[in-house]
Every structure is written in C-alpha cells, then in structure tokens.
file start.tsv (TSV, C-alpha atoms)
chain	number	residue	atom	x	y	z
A	751	HIS	CA	138.55	120.56	-59.36
A	752	ILE	CA	137.67	124.22	-59.73
A	753	HIS	CA	134.70	123.81	-57.33
A	754	LEU	CA	136.91	122.05	-54.76
A	755	THR	CA	139.58	124.72	-55.13
A	756	MET	CA	137.08	127.54	-54.57
A	757	LEU	CA	135.64	125.73	-51.55
A	758	LEU	CA	139.12	125.46	-50.06
A	759	LEU	CA	139.69	129.15	-50.72
A	760	SER	CA	136.39	130.06	-49.04
A	761	LYS	CA	137.35	128.09	-45.94
A	762	ALA	CA	140.82	129.65	-45.98
A	763	LEU	CA	139.30	133.12	-46.09
A	764	SER	CA	137.03	132.37	-43.12
A	765	PHE	CA	140.00	131.05	-41.20
A	766	LEU	CA	142.12	134.10	-41.99
A	767	LEU	CA	139.37	136.46	-40.84
A	768	ALA	CA	139.55	134.94	-37.37
A	769	ALA	CA	143.24	134.10	-37.45
A	770	ASN	CA	144.37	136.82	-35.06
A	771	LEU	CA	142.15	135.52	-32.26
A	772	ALA	CA	144.92	133.92	-30.21
A	773	THR	CA	147.34	136.81	-30.53
A	774	HIS	CA	144.69	139.39	-29.66
A	775	SER	CA	143.14	137.50	-26.75
A	776	THR	CA	145.84	138.64	-24.32
A	777	ALA	CA	145.35	142.27	-25.27
A	778	PHE	CA	141.74	142.63	-24.20
A	779	ALA	CA	142.42	144.31	-20.86
A	780	PRO	CA	140.26	147.35	-20.16
A	781	VAL	CA	141.56	150.55	-21.70
A	782	ALA	CA	141.78	153.89	-19.96
A	783	GLN	CA	138.31	155.00	-18.99
A	784	ASN	CA	136.53	158.28	-18.49
A	785	ASN	CA	135.43	158.92	-14.93
A	786	HIS	CA	131.74	159.60	-14.44
A	787	ALA	CA	129.62	159.59	-11.33
A	788	ALA	CA	126.94	157.81	-13.33
A	789	VAL	CA	127.55	156.05	-16.62
A	790	GLN	CA	125.59	157.42	-19.56
A	791	LEU	CA	126.13	156.35	-23.14
A	792	SER	CA	126.72	159.20	-25.55
A	793	ALA	CA	128.04	159.87	-29.03
A	794	SER	CA	131.83	160.20	-29.15
A	795	SER	CA	133.99	162.47	-31.28
A	796	ASP	CA	135.55	159.62	-33.25
A	797	ASP	CA	132.26	158.31	-34.62
A	798	VAL	CA	133.25	158.87	-38.22
A	799	VAL	CA	131.37	157.56	-41.23
A	800	LEU	CA	134.00	156.18	-43.59
A	801	ASP	CA	133.53	155.94	-47.34
A	802	PRO	CA	132.51	152.32	-48.11
A	803	SER	CA	134.95	151.93	-50.99
A	804	THR	CA	137.83	153.17	-48.83
A	805	ARG	CA	136.91	150.78	-46.02
A	806	TYR	CA	136.59	147.90	-48.48
A	807	ALA	CA	139.98	148.59	-50.07
A	808	ARG	CA	141.74	148.75	-46.71
A	809	ILE	CA	140.12	145.52	-45.57
A	810	THR	CA	140.66	143.44	-48.69
A	811	THR	CA	144.23	144.55	-49.43
A	812	PRO	CA	145.87	142.79	-46.44
A	813	ILE	CA	143.77	139.67	-47.08
A	814	SER	CA	144.86	139.54	-50.72
A	815	THR	CA	148.46	139.98	-49.62
A	816	VAL	CA	148.22	137.01	-47.27
A	817	LEU	CA	146.44	134.91	-49.88
A	818	GLY	CA	149.34	135.57	-52.22
A	819	GLY	CA	151.54	133.41	-50.00
A	820	LEU	CA	149.07	130.57	-49.57
A	821	SER	CA	150.12	127.17	-50.87
A	822	LEU	CA	149.50	123.54	-50.06
A	823	SER	CA	152.17	120.89	-50.11
A	824	THR	CA	150.16	119.05	-52.76
A	825	GLY	CA	150.31	122.07	-55.03
A	826	ALA	CA	146.52	121.96	-55.43
A	827	LEU	CA	146.09	125.50	-54.13
A	828	SER	CA	148.38	128.27	-55.23
A	829	THR	CA	148.11	131.83	-56.51
A	830	ALA	CA	148.37	130.48	-60.04
A	831	SER	CA	145.03	128.73	-59.53
A	832	PHE	CA	143.15	132.03	-59.35
A	833	PRO	CA	142.58	134.99	-61.64
A	834	ALA	CA	144.81	138.03	-61.17
A	835	ASN	CA	141.69	139.95	-60.12
A	836	ALA	CA	140.20	137.90	-57.26
A	837	ALA	CA	136.97	139.91	-57.48
A	838	ASP	CA	136.21	138.17	-60.79
A	839	SER	CA	135.98	134.80	-59.05
A	840	ILE	CA	133.87	135.62	-56.02
A	841	SER	CA	130.11	135.09	-55.95
A	842	ALA	CA	127.60	137.87	-56.57
A	843	PHE	CA	126.47	137.47	-52.95
A	844	GLU	CA	129.97	137.96	-51.59
A	845	ALA	CA	130.87	140.80	-53.95
A	846	ASN	CA	127.79	142.86	-53.07
A	847	MET	CA	127.97	141.98	-49.40
A	848	ARG	CA	131.58	143.21	-49.26
A	849	LYS	CA	130.83	146.33	-51.31
A	850	ASN	CA	127.86	147.48	-49.24
A	851	PHE	CA	128.85	146.13	-45.80
A	852	PRO	CA	132.67	146.28	-45.69
A	853	GLY	CA	134.27	144.51	-42.78
A	854	ALA	CA	131.42	142.02	-42.39
A	855	LEU	CA	132.62	138.71	-40.96
A	856	PRO	CA	131.07	135.24	-40.79
A	857	ASN	CA	129.06	134.72	-37.60
A	858	SER	CA	131.58	132.20	-36.29
A	859	ALA	CA	134.49	134.64	-36.67
A	860	VAL	CA	132.59	137.41	-34.86
A	861	SER	CA	131.56	135.18	-31.97
A	862	LEU	CA	135.08	133.74	-31.59
A	863	ARG	CA	136.66	137.16	-31.33
A	864	VAL	CA	134.05	138.68	-29.04
A	865	CYS	CA	133.76	135.69	-26.70
A	866	ALA	CA	137.55	135.56	-26.28
A	867	ALA	CA	137.48	139.24	-25.32
A	868	LEU	CA	134.62	138.68	-22.88
A	869	ARG	CA	136.41	135.76	-21.22
A	870	ASP	CA	139.50	137.91	-20.76
A	871	ARG	CA	137.27	140.52	-19.10
A	872	GLY	CA	135.96	137.98	-16.60
A	873	TYR	CA	132.74	136.85	-18.27
A	874	THR	CA	131.89	133.27	-17.30
A	875	PRO	CA	128.84	131.02	-17.77
A	876	ALA	CA	127.93	131.57	-14.10
A	877	ASN	CA	128.10	135.36	-14.01
A	878	THR	CA	126.89	136.37	-17.49
A	879	LEU	CA	123.46	137.57	-18.63
A	880	PHE	CA	123.07	137.63	-22.41
A	881	GLY	CA	120.49	139.62	-24.34
A	882	SER	CA	119.93	140.45	-27.98
A	883	SER	CA	117.96	143.05	-29.88
A	884	VAL	CA	117.49	141.74	-33.40
A	885	CYS	CA	114.45	141.52	-35.67
A	886	SER	CA	111.71	139.00	-34.96
A	887	ASP	CA	112.22	137.39	-38.39
A	888	GLU	CA	112.76	133.64	-38.02
A	889	ILE	CA	115.91	133.78	-40.16
A	890	ASN	CA	117.57	135.46	-37.18
A	891	ASP	CA	116.60	132.61	-34.85
A	892	THR	CA	118.21	129.53	-36.33
A	893	ALA	CA	120.75	127.06	-34.95
A	894	GLU	CA	123.47	128.90	-36.91
A	895	SER	CA	122.36	132.44	-36.12
A	896	LEU	CA	124.72	134.80	-34.32
A	897	VAL	CA	122.43	134.80	-31.28
A	898	SER	CA	122.61	131.00	-31.06
A	899	ASP	CA	126.36	131.10	-31.64
A	900	PHE	CA	126.81	133.44	-28.68
A	901	VAL	CA	124.59	131.32	-26.44
A	902	ASN	CA	126.70	128.26	-27.29
A	903	LYS	CA	130.11	129.89	-26.99
A	904	LEU	CA	129.24	131.80	-23.81
A	905	GLN	CA	127.75	128.57	-22.42
A	906	VAL	CA	124.78	130.42	-20.97
A	907	ASP	CA	121.32	128.90	-20.62
A	908	GLY	CA	119.72	131.25	-23.13
A	909	GLY	CA	119.27	134.84	-24.17
A	910	PHE	CA	116.72	137.55	-23.36
A	911	ASN	CA	114.99	138.76	-26.54
A	912	LEU	CA	114.78	142.55	-26.43
A	913	GLY	CA	114.04	143.11	-30.11
A	914	GLY	CA	110.91	143.63	-32.15
A	915	LEU	CA	110.45	144.65	-35.78
A	916	GLY	CA	113.66	145.82	-37.38
A	917	GLY	CA	115.67	144.89	-34.31
A	918	LEU	CA	114.44	147.86	-32.29
A	919	PRO	CA	114.20	147.03	-28.55
A	920	PHE	CA	110.44	147.50	-28.34
A	921	VAL	CA	110.42	145.87	-24.90
A	922	GLY	CA	110.83	149.44	-23.65
A	923	ILE	CA	111.99	150.64	-20.24
A	924	SER	CA	109.94	147.98	-18.44
A	925	GLY	CA	111.35	145.15	-20.54
A	926	MET	CA	114.89	146.45	-20.13
A	927	GLY	CA	114.28	146.65	-16.39
A	928	ALA	CA	113.15	143.02	-16.29
A	929	PHE	CA	116.23	142.03	-18.27
A	930	VAL	CA	118.87	143.81	-16.17
A	931	HIS	CA	117.30	142.55	-12.96
A	932	HIS	CA	117.96	138.98	-14.14
A	933	CYS	CA	121.71	139.61	-13.94
A	934	PRO	CA	123.56	137.29	-11.53
A	935	ASP	CA	124.74	138.93	-8.29
A	936	LYS	CA	127.86	141.00	-9.03
A	937	GLY	CA	127.54	139.72	-12.57
A	938	LYS	CA	128.04	141.02	-16.09
A	939	ILE	CA	125.70	141.81	-18.98
A	940	PHE	CA	126.37	141.35	-22.70
A	941	ILE	CA	123.99	142.70	-25.35
A	942	MET	CA	124.27	142.11	-29.10
A	943	PHE	CA	122.07	144.30	-31.29
A	944	GLY	CA	121.37	145.56	-34.77
A	945	PRO	CA	119.04	145.45	-37.76
A	946	HIS	CA	119.27	142.82	-40.46
A	947	VAL	CA	119.26	142.79	-44.25
A	948	GLY	CA	119.25	140.02	-46.80
A	949	VAL	CA	121.60	139.66	-49.75
A	950	SER	CA	120.32	137.19	-52.31
A	951	ASN	CA	122.40	134.71	-54.28
A	952	ASP	CA	122.36	137.10	-57.26
A	953	GLY	CA	123.63	139.95	-55.06
A	954	THR	CA	120.41	141.91	-54.53
A	955	VAL	CA	120.53	143.78	-51.21
A	956	GLY	CA	117.20	143.56	-49.35
A	957	LYS	CA	116.16	140.26	-50.89
A	958	ILE	CA	116.73	136.68	-49.82
A	959	GLU	CA	115.84	133.12	-50.77
A	960	ARG	CA	113.69	131.36	-48.17
A	961	ILE	CA	113.25	127.62	-47.90
A	962	GLY	CA	110.12	126.45	-49.74
A	963	GLN	CA	109.56	129.72	-51.64
A	964	LYS	CA	110.28	130.14	-55.34
A	965	ALA	CA	110.22	133.94	-55.36
A	966	LEU	CA	112.73	136.14	-53.56
A	967	SER	CA	111.57	137.47	-50.19
A	968	THR	CA	112.18	140.87	-48.60
A	969	SER	CA	114.62	141.17	-45.70
A	970	CYS	CA	114.21	143.25	-43.60
A	971	GLY	CA	110.49	143.55	-44.30
A	972	ALA	CA	109.99	146.15	-41.56
A	973	GLY	CA	112.78	148.46	-42.70
A	974	ILE	CA	112.11	148.15	-46.43
A	975	GLY	CA	108.36	148.34	-45.83
A	976	ALA	CA	108.86	151.63	-44.01
A	977	TYR	CA	111.12	152.84	-46.83
A	978	LYS	CA	108.43	152.05	-49.42
A	979	ALA	CA	105.75	153.77	-47.34
A	980	ILE	CA	107.88	156.91	-47.00
A	981	MET	CA	108.73	156.94	-50.71
A	982	GLY	CA	105.06	156.48	-51.61
A	983	SER	CA	105.55	153.11	-53.27
A	984	ALA	CA	103.73	150.93	-50.73
A	985	SER	CA	100.85	148.82	-52.05
A	986	ASP	CA	97.25	149.29	-50.90
A	987	GLU	CA	97.54	146.01	-48.99
A	988	GLU	CA	100.66	147.24	-47.17
A	989	LYS	CA	99.03	150.59	-46.39
A	990	ALA	CA	95.98	148.83	-44.95
A	991	PHE	CA	98.05	147.42	-42.10
A	992	LEU	CA	99.31	150.79	-40.94
A	993	GLY	CA	97.63	152.61	-38.05
A	994	THR	CA	96.45	151.24	-34.73
A	995	LYS	CA	97.06	147.66	-35.88
A	996	ASP	CA	100.74	148.21	-36.53
A	997	PHE	CA	102.34	150.24	-33.74
A	998	GLN	CA	105.92	149.10	-34.28
A	999	GLU	CA	105.93	149.73	-38.04
A	1000	GLU	CA	104.30	153.13	-37.56
A	1001	TYR	CA	107.08	154.06	-35.14
A	1002	ILE	CA	109.76	153.00	-37.64
A	1003	ILE	CA	108.12	155.01	-40.43
A	1004	ALA	CA	107.86	158.11	-38.24
A	1005	LYS	CA	111.49	157.91	-37.13
A	1006	LEU	CA	112.88	157.08	-40.58
A	1007	ARG	CA	110.99	159.73	-42.54
A	1008	ASP	CA	113.39	162.65	-42.08
A	1009	ARG	CA	116.46	160.42	-42.15
A	1010	LEU	CA	115.60	159.13	-45.63
A	1011	GLU	CA	115.32	162.62	-47.13
A	1012	PRO	CA	118.75	162.30	-48.88
A	1013	ILE	CA	117.51	159.40	-51.05
A	1014	LYS	CA	114.05	160.70	-51.89
A	1015	GLY	CA	113.44	160.54	-55.62
A	1016	GLN	CA	116.14	157.95	-56.17
A	1017	PRO	CA	115.17	154.56	-57.64
A	1018	SER	CA	115.45	151.60	-55.32
A	1019	SER	CA	118.88	149.98	-55.58
A	1020	ASN	CA	121.45	148.11	-53.54
A	1021	GLU	CA	122.84	151.47	-52.45
A	1022	THR	CA	119.51	152.93	-51.30
A	1023	VAL	CA	118.57	149.77	-49.37
A	1024	THR	CA	122.01	149.83	-47.74
A	1025	PHE	CA	121.39	153.46	-46.77
A	1026	VAL	CA	118.04	152.48	-45.22
A	1027	THR	CA	119.68	149.62	-43.32
A	1028	ASN	CA	122.28	151.94	-41.82
A	1029	LYS	CA	119.54	154.31	-40.72
A	1030	MET	CA	117.77	151.35	-39.13
A	1031	TYR	CA	120.96	150.70	-37.20
A	1032	ASP	CA	120.80	154.29	-35.95
A	1033	LEU	CA	117.22	153.76	-34.77
A	1034	VAL	CA	118.08	150.55	-32.91
A	1035	TRP	CA	121.05	152.15	-31.15
A	1036	GLU	CA	119.14	155.33	-30.32
A	1037	MET	CA	116.34	153.40	-28.59
A	1038	LEU	CA	118.67	150.90	-26.90
A	1039	ARG	CA	120.93	153.65	-25.58
A	1040	SER	CA	117.94	155.45	-24.06
A	1041	GLU	CA	116.70	152.30	-22.34
A	1042	ILE	CA	120.13	151.34	-20.99
A	1043	ASN	CA	120.76	154.87	-19.72
A	1044	ALA	CA	117.58	154.65	-17.66
A	1045	TYR	CA	119.40	152.13	-15.46
A	1046	THR	CA	123.14	152.71	-15.77
A	1047	THR	CA	122.74	156.34	-14.70
A	1048	LYS	CA	121.54	155.13	-11.30
A	1049	ALA	CA	124.36	154.58	-8.83
A	1050	SER	CA	122.48	151.65	-7.28
A	1051	PHE	CA	122.65	149.76	-10.60
A	1052	TRP	CA	126.36	149.16	-10.11
A	1053	ASP	CA	125.84	147.65	-6.65
A	1054	GLU	CA	124.81	144.38	-8.30
A	1055	THR	CA	126.23	144.63	-11.86
A	1056	THR	CA	129.94	145.04	-12.54
A	1057	GLU	CA	130.01	145.51	-16.33
A	1058	VAL	CA	127.82	145.91	-19.41
A	1059	THR	CA	129.27	145.17	-22.86
A	1060	LEU	CA	127.48	146.25	-26.04
A	1061	LEU	CA	128.10	144.81	-29.51
A	1062	GLY	CA	126.32	146.67	-32.30
A	1063	GLY	CA	126.26	146.00	-36.01
A	1064	ILE	CA	124.26	144.79	-38.99
A	1065	VAL	CA	123.18	141.17	-39.51
A	1066	ILE	CA	123.54	140.11	-43.17
A	1067	ASN	CA	121.34	137.14	-44.00
A	1068	ARG	CA	122.08	134.86	-46.94
A	1069	GLY	CA	119.59	132.67	-48.75
A	1070	HIS	CA	118.81	129.00	-48.24
A	1071	GLY	CA	116.82	126.51	-50.29
A	1072	ASP	CA	116.95	124.70	-53.61
A	1073	GLY	CA	119.77	125.84	-55.87
A	1074	VAL	CA	121.28	128.17	-53.26
A	1075	PRO	CA	124.69	127.42	-51.67
A	1076	GLY	CA	123.56	128.59	-48.21
A	1077	GLY	CA	126.10	128.89	-45.43
A	1078	GLU	CA	126.70	131.18	-42.48
A	1079	ASP	CA	125.17	134.60	-42.16
A	1080	TYR	CA	127.53	137.56	-41.74
A	1081	TYR	CA	127.70	140.43	-39.27
A	1082	GLN	CA	129.18	143.87	-39.84
A	1083	PRO	CA	130.49	144.96	-36.40
A	1084	LEU	CA	130.11	148.71	-35.88
A	1085	MET	CA	130.44	149.10	-32.11
A	1086	LEU	CA	131.92	147.31	-29.12
A	1087	LYS	CA	131.76	149.23	-25.84
A	1088	SER	CA	132.12	148.40	-22.17
A	1089	LEU	CA	130.42	150.19	-19.30
A	1090	THR	CA	131.45	149.98	-15.66
A	1091	LYS	CA	130.78	152.16	-12.64
A	1092	ASP	CA	133.93	154.13	-13.58
A	1093	GLY	CA	132.76	155.02	-17.07
A	1094	GLU	CA	132.64	153.95	-20.69
A	1095	SER	CA	135.48	152.41	-22.72
A	1096	ASP	CA	135.70	151.58	-26.40
A	1097	ILE	CA	137.14	148.09	-26.90
A	1098	TYR	CA	136.32	147.84	-30.60
A	1099	GLY	CA	139.95	148.29	-31.64
A	1100	ASP	CA	141.09	145.49	-29.33
A	1101	VAL	CA	138.81	142.97	-31.02
A	1102	PHE	CA	138.50	144.21	-34.60
A	1103	GLY	CA	141.57	146.44	-34.79
A	1104	ASP	CA	143.22	144.32	-37.50
A	1105	PHE	CA	140.63	145.86	-39.81
A	1106	PRO	CA	142.08	149.39	-39.81
A	1107	ALA	CA	139.26	150.80	-41.90
A	1108	LEU	CA	136.80	149.91	-39.16
A	1109	ALA	CA	138.81	151.24	-36.23
A	1110	ALA	CA	136.58	154.34	-36.08
A	1111	PRO	CA	133.34	153.12	-37.68
A	1112	HIS	CA	129.84	154.53	-37.91
A	1113	ARG	CA	129.13	153.66	-34.28
A	1114	ASN	CA	126.75	156.41	-33.23
A	1115	ALA	CA	124.30	158.31	-35.38
A	1116	LYS	CA	124.38	162.03	-35.88
A	1117	TYR	CA	120.64	162.07	-35.41
A	1118	VAL	CA	118.37	164.08	-37.67

call {"tool": "encode", "arguments": {"input": "start.tsv", "output": "structure tokens"}}
result
Amino acid sequence: HIHLTMLLLSKALSFLLAANLATHSTAFAPVAQNNHAAVQLSASSDDVVLDPSTRYARITTPISTVLGGLSLSTGALSTASFPANAADSISAFEANMRKNFPGALPNSAVSLRVCAALRDRGYTPANTLFGSSVCSDEINDTAESLVSDFVNKLQVDGGFNLGGLGGLPFVGISGMGAFVHHCPDKGKIFIMFGPHVGVSNDGTVGKIERIGQKALSTSCGAGIGAYKAIMGSASDEEKAFLGTKDFQEEYIIAKLRDRLEPIKGQPSSNETVTFVTNKMYDLVWEMLRSEINAYTTKASFWDETTEVTLLGGIVINRGHGDGVPGGEDYYQPLMLKSLTKDGESDIYGDVFGDFPALAAPHRNAKYV
C-alpha cells in the first residue's frame, strides 16, 4: 500500500508541475521587444545567478501547499499518509536532483509547456524547423528523451543535430548555416540546447546506471573528463586520448580551465560536479550564440525566417537497468528567448513564471 501511495504521489507531482498549462497558454503573446536593425543575442541585465537553496525553497513551498489539500474520495491518499517532512520520503535521486538543479521538470512537463507556447506563437508542423544541441551520448537519444518528445509534440519529421561532446554545437558556422537554410519559406526555427548530467539512484551527481552495466557510469563523460584533466586527476589512459585525436575534448578543457578556478583544490562532490555542469551550460550557450549571431545579424536572414526561439537548460539523466526504478529524464529550463526581425524578447516568464525563483535564472554567463 505504501508503494502504491508513493506512486500515486509521484504521478500527482508530475501533473501539478504541468497543471498551469491551460491557463498559461493564452498568455503567450509576444512581449514588448527591443528594436534593432539586426538581431544579435547578448547578455541581459537580469541574468542573475540565484542561490540554489533559495530557488529550491521558493519552488517547493507552493507545491507542498497544494499537496496539503490533496485527497481522494476513497481516502487512500491524504496528508495523513505522509510524513510531516516530505523530504524524508522522497528518493535519493529526487532529493539530490532538486537540491542541485532546482526547478527541473520531467521532460513531458517541459515539452507540454513549451509546445503550447510555440503553437500560440504560430509554430505549426508545416512551418517549423527543429534543431537540438545536446551531447552525443546515446542516453540523450531515446524514445523518451526531450528531443524525441519535442519531435512528437511539434509533429515535425525530425530534428537537426547540432551538438557534439558536452552538447556544444560543434557543427560550427557551416553546420549552423546548413541548418537555418532548411527552414520552410517564411517559417520558424526552434532550438533546444544544453549539457547533460546524470544523477544515480543513490543520488550521486555525475553518475548513472546504464542498462547491462553493473558499475555506475559517468555522465557527462566529456564535461567530467575535462574537469578531471584540469584538476590533474585524469588517468594515463584518459590523458592518452588528448591531443590531435580528441579535438572536441581539448576545446572543452581549454575553455573550462579558467572557469573552474573557484573549485580547484576541492574534493569531487555533488556540488563540484554541479558547478562543472553549469559551466558547461555557459560553454554551450556561448558557442551557440556566436553561431546564431552569424546569421541573425544579416538583414537578409529575416526575408525567409520569421522567428527563432531558443530553449536552454540542463538535461538531467536518470538511471535504467536492473534494480533501478527508471522513468523520465528531467530538464532544468534556464532560458527561453524569441528572436524576430524587430528584436529579442524573453518569454521565459510566460512559460515557467509559476516558478518565481526561476523568473530571472542563470541564463547567460558572465564569461571568464
């Protein structure tokens, strides 16, 4: 009975996270925009890094308040069925995922919210080009991945893969050019991007259970491998692959080195791996922004494309295999922006505004 009760609670939580979809869907009209002759993405003044514990408290408080009123007519589910401190009853995976990536939502909740917003902005299966910049790891390319969820909900034929190791868009200017030129005439472009990180069943950030493997596996291998190389803890085998045989990893190491200075000398922990993952997000956005600007700053770009929408965040993988509950991956949304010929608008608050702690998230890096 306890297992069934907890399962019902888990499903109720997932439902509540997406519950405002219908009420918000009518509010996704474009907000006031800045006028620019050519649209160029840039860091904005409200890109504030919020303390994780503060963000977590603000997010979980309204959920706990709503849960307090939950009841079923059968009486099987009520507040009396759960400990006074709900944190005592959640899994190690969920507790550490919430602590280190506050505001993360199940893939299905993210795709429901975003796709409703896109539809209200005129995105249709016939006029939409979808691309993603996520890591090459196969755990990001499953039937239940966020990329697959967007393909299904947008009802597009497929998605253009912009990402390489760590989720960085290593396709470069040429690859981005090929992508944007696939846009339907007078169509719209949607890009989802971000690094990924595993959280194992026992709550270890940076590790994950993979099907058919007894030992925990690293996720993201590229980001954590770079972290180990910078901290001097890489093995001889790992070091042997660096150099001319490993261009993408060498790039990540070079770009992360200065950014990881604040955690040098600290032992590896959930907090340090979370720090690395957020810096990986900065690298992905920095490269993607540069590649997009190469085209959106040209007036001729807007002759054939009417809008570009960018969703940025962190993919949180969960384990699968024997003895592991499995389930959906999560995504921590950190950015949602729209570009048109008239300028850039931030629509994050329209879609995720019911999470007040994330209304001004860590969307753009203050680059080292």

call {"tool": "closest_residue", "arguments": {"input": "start.tsv", "among": "A:Leu915, A:Arg960, A:Ile889, A:Ile1066", "to": "A:Tyr1001", "atoms": "only C-alpha atoms"}}
result
A:Leu915

call {"tool": "atom_distance", "arguments": {"input": "start.tsv", "atom1": "atom CA of A:Ile1013", "atom2": "atom CA of A:Ser841"}}
result
27.8 Å

call {"tool": "closest_residue", "arguments": {"input": "start.tsv", "among": "A:Asp1072, A:Glu1021, A:Glu894, A:Asp870", "to": "A:Gly956", "atoms": "only C-alpha atoms"}}
result
A:Glu1021

call {"tool": "closest_residue", "arguments": {"input": "start.tsv", "among": "A:Gly927, A:Gly916, A:Gly944, A:Gly922", "to": "A:Ala976", "atoms": "only C-alpha atoms"}}
result
A:Gly916

call {"tool": "residues_around", "arguments": {"input": "start.tsv", "residues": "A:Met981", "least_positions_apart": "3", "cutoff": "7 Å", "atoms": "only C-alpha atoms", "output": "list in words"}}
result
Tyr977, Lys978 and Lys1014 of chain A

call {"tool": "closest_residue", "arguments": {"input": "start.tsv", "among": "A:Asp887, A:Glu1000, A:Asp899, A:Asp952", "to": "A:Leu966", "atoms": "all atoms listed in the file"}}
result
A:Asp952

call {"tool": "closest_residue", "arguments": {"input": "start.tsv", "among": "A:Met1085, A:Val955, A:Leu868, A:Ile923", "to": "A:Ala845", "atoms": "all atoms listed in the file"}}
result
A:Val955

call {"tool": "atom_distance", "arguments": {"input": "start.tsv", "atom1": "atom CA of A:Ser1018", "atom2": "atom CA of A:Glu999"}}
result
19.8 Å

call {"tool": "atom_distance", "arguments": {"input": "start.tsv", "atom1": "atom CA of A:Thr1027", "atom2": "atom CA of A:Gln998"}}
result
16.5 Å

call {"tool": "residues_near_point", "arguments": {"input": "start.tsv", "point": "(109.9, 158.6, -41.4)", "cutoff": "12 Å", "atoms": "all atoms listed in the file", "output": "ChimeraX atom specification"}}
result
/A:973-982,999-1011,1014,1026,1029-1030,1033,1118

call {"tool": "write_last_selection", "arguments": {"input": "start.tsv", "atoms": "C-alpha atoms", "output": "CSV table (one decimal), in the frame of the given file"}}
result
chain,number,residue,atom,x,y,z
A,973,GLY,CA,112.8,148.5,-42.7
A,974,ILE,CA,112.1,148.2,-46.4
A,975,GLY,CA,108.4,148.3,-45.8
A,976,ALA,CA,108.9,151.6,-44.0
A,977,TYR,CA,111.1,152.8,-46.8
A,978,LYS,CA,108.4,152.0,-49.4
A,979,ALA,CA,105.8,153.8,-47.3
A,980,ILE,CA,107.9,156.9,-47.0
A,981,MET,CA,108.7,156.9,-50.7
A,982,GLY,CA,105.1,156.5,-51.6
A,999,GLU,CA,105.9,149.7,-38.0
A,1000,GLU,CA,104.3,153.1,-37.6
A,1001,TYR,CA,107.1,154.1,-35.1
A,1002,ILE,CA,109.8,153.0,-37.6
A,1003,ILE,CA,108.1,155.0,-40.4
A,1004,ALA,CA,107.9,158.1,-38.2
A,1005,LYS,CA,111.5,157.9,-37.1
A,1006,LEU,CA,112.9,157.1,-40.6
A,1007,ARG,CA,111.0,159.7,-42.5
A,1008,ASP,CA,113.4,162.6,-42.1
A,1009,ARG,CA,116.5,160.4,-42.2
A,1010,LEU,CA,115.6,159.1,-45.6
A,1011,GLU,CA,115.3,162.6,-47.1
A,1014,LYS,CA,114.0,160.7,-51.9
A,1026,VAL,CA,118.0,152.5,-45.2
A,1029,LYS,CA,119.5,154.3,-40.7
A,1030,MET,CA,117.8,151.4,-39.1
A,1033,LEU,CA,117.2,153.8,-34.8
A,1118,VAL,CA,118.4,164.1,-37.7

call {"tool": "residues_near_point", "arguments": {"input": "start.tsv", "point": "(115.6, 137.2, -37.4)", "cutoff": "9 Å", "atoms": "all atoms listed in the file", "output": "ChimeraX atom specification"}}
result
/A:884-892,895,916-917,945-946,970,1065,1067

call {"tool": "closest_residue", "arguments": {"input": "start.tsv", "among": "A:Ser969, A:Arg863, A:Ser924, A:Leu855", "to": "A:Tyr1098", "atoms": "all atoms listed in the file"}}
result
A:Arg863

call {"tool": "residues_around", "arguments": {"input": "start.tsv", "residues": "A:Lys936", "least_positions_apart": "6", "cutoff": "6 Å", "atoms": "all atoms listed in the file", "output": "short mmCIF file (atom, residue, chain, number, x, y, z; two decimals) with C-alpha atoms, keeping the file's coordinate frame"}}
result
data_model
loop_
_atom_site.label_atom_id
_atom_site.label_comp_id
_atom_site.auth_asym_id
_atom_site.auth_seq_id
_atom_site.Cartn_x
_atom_site.Cartn_y
_atom_site.Cartn_z
CA GLU A 1054 124.81 144.38 -8.30
CA THR A 1055 126.23 144.63 -11.86
CA THR A 1056 129.94 145.04 -12.54
#

call {"tool": "residues_around", "arguments": {"input": "start.tsv", "residues": "A:Lys938", "least_positions_apart": "5", "cutoff": "9 Å", "atoms": "all atoms listed in the file", "output": "list in words"}}
result
Gly872, Tyr873, Thr874, Asn877, Thr878, Leu879, Phe880, Cys933, Thr1055, Thr1056, Glu1057, Val1058 and Thr1059 of chain A

call {"tool": "residues_around", "arguments": {"input": "start.tsv", "residues": "A:Ala876", "least_positions_apart": "3", "cutoff": "10 Å", "atoms": "only C-alpha atoms", "output": "list in words"}}
result
Tyr873, Leu879, Leu904, Gln905, Val906, Asp907, Pro934, Asp935, Gly937 and Lys938 of chain A
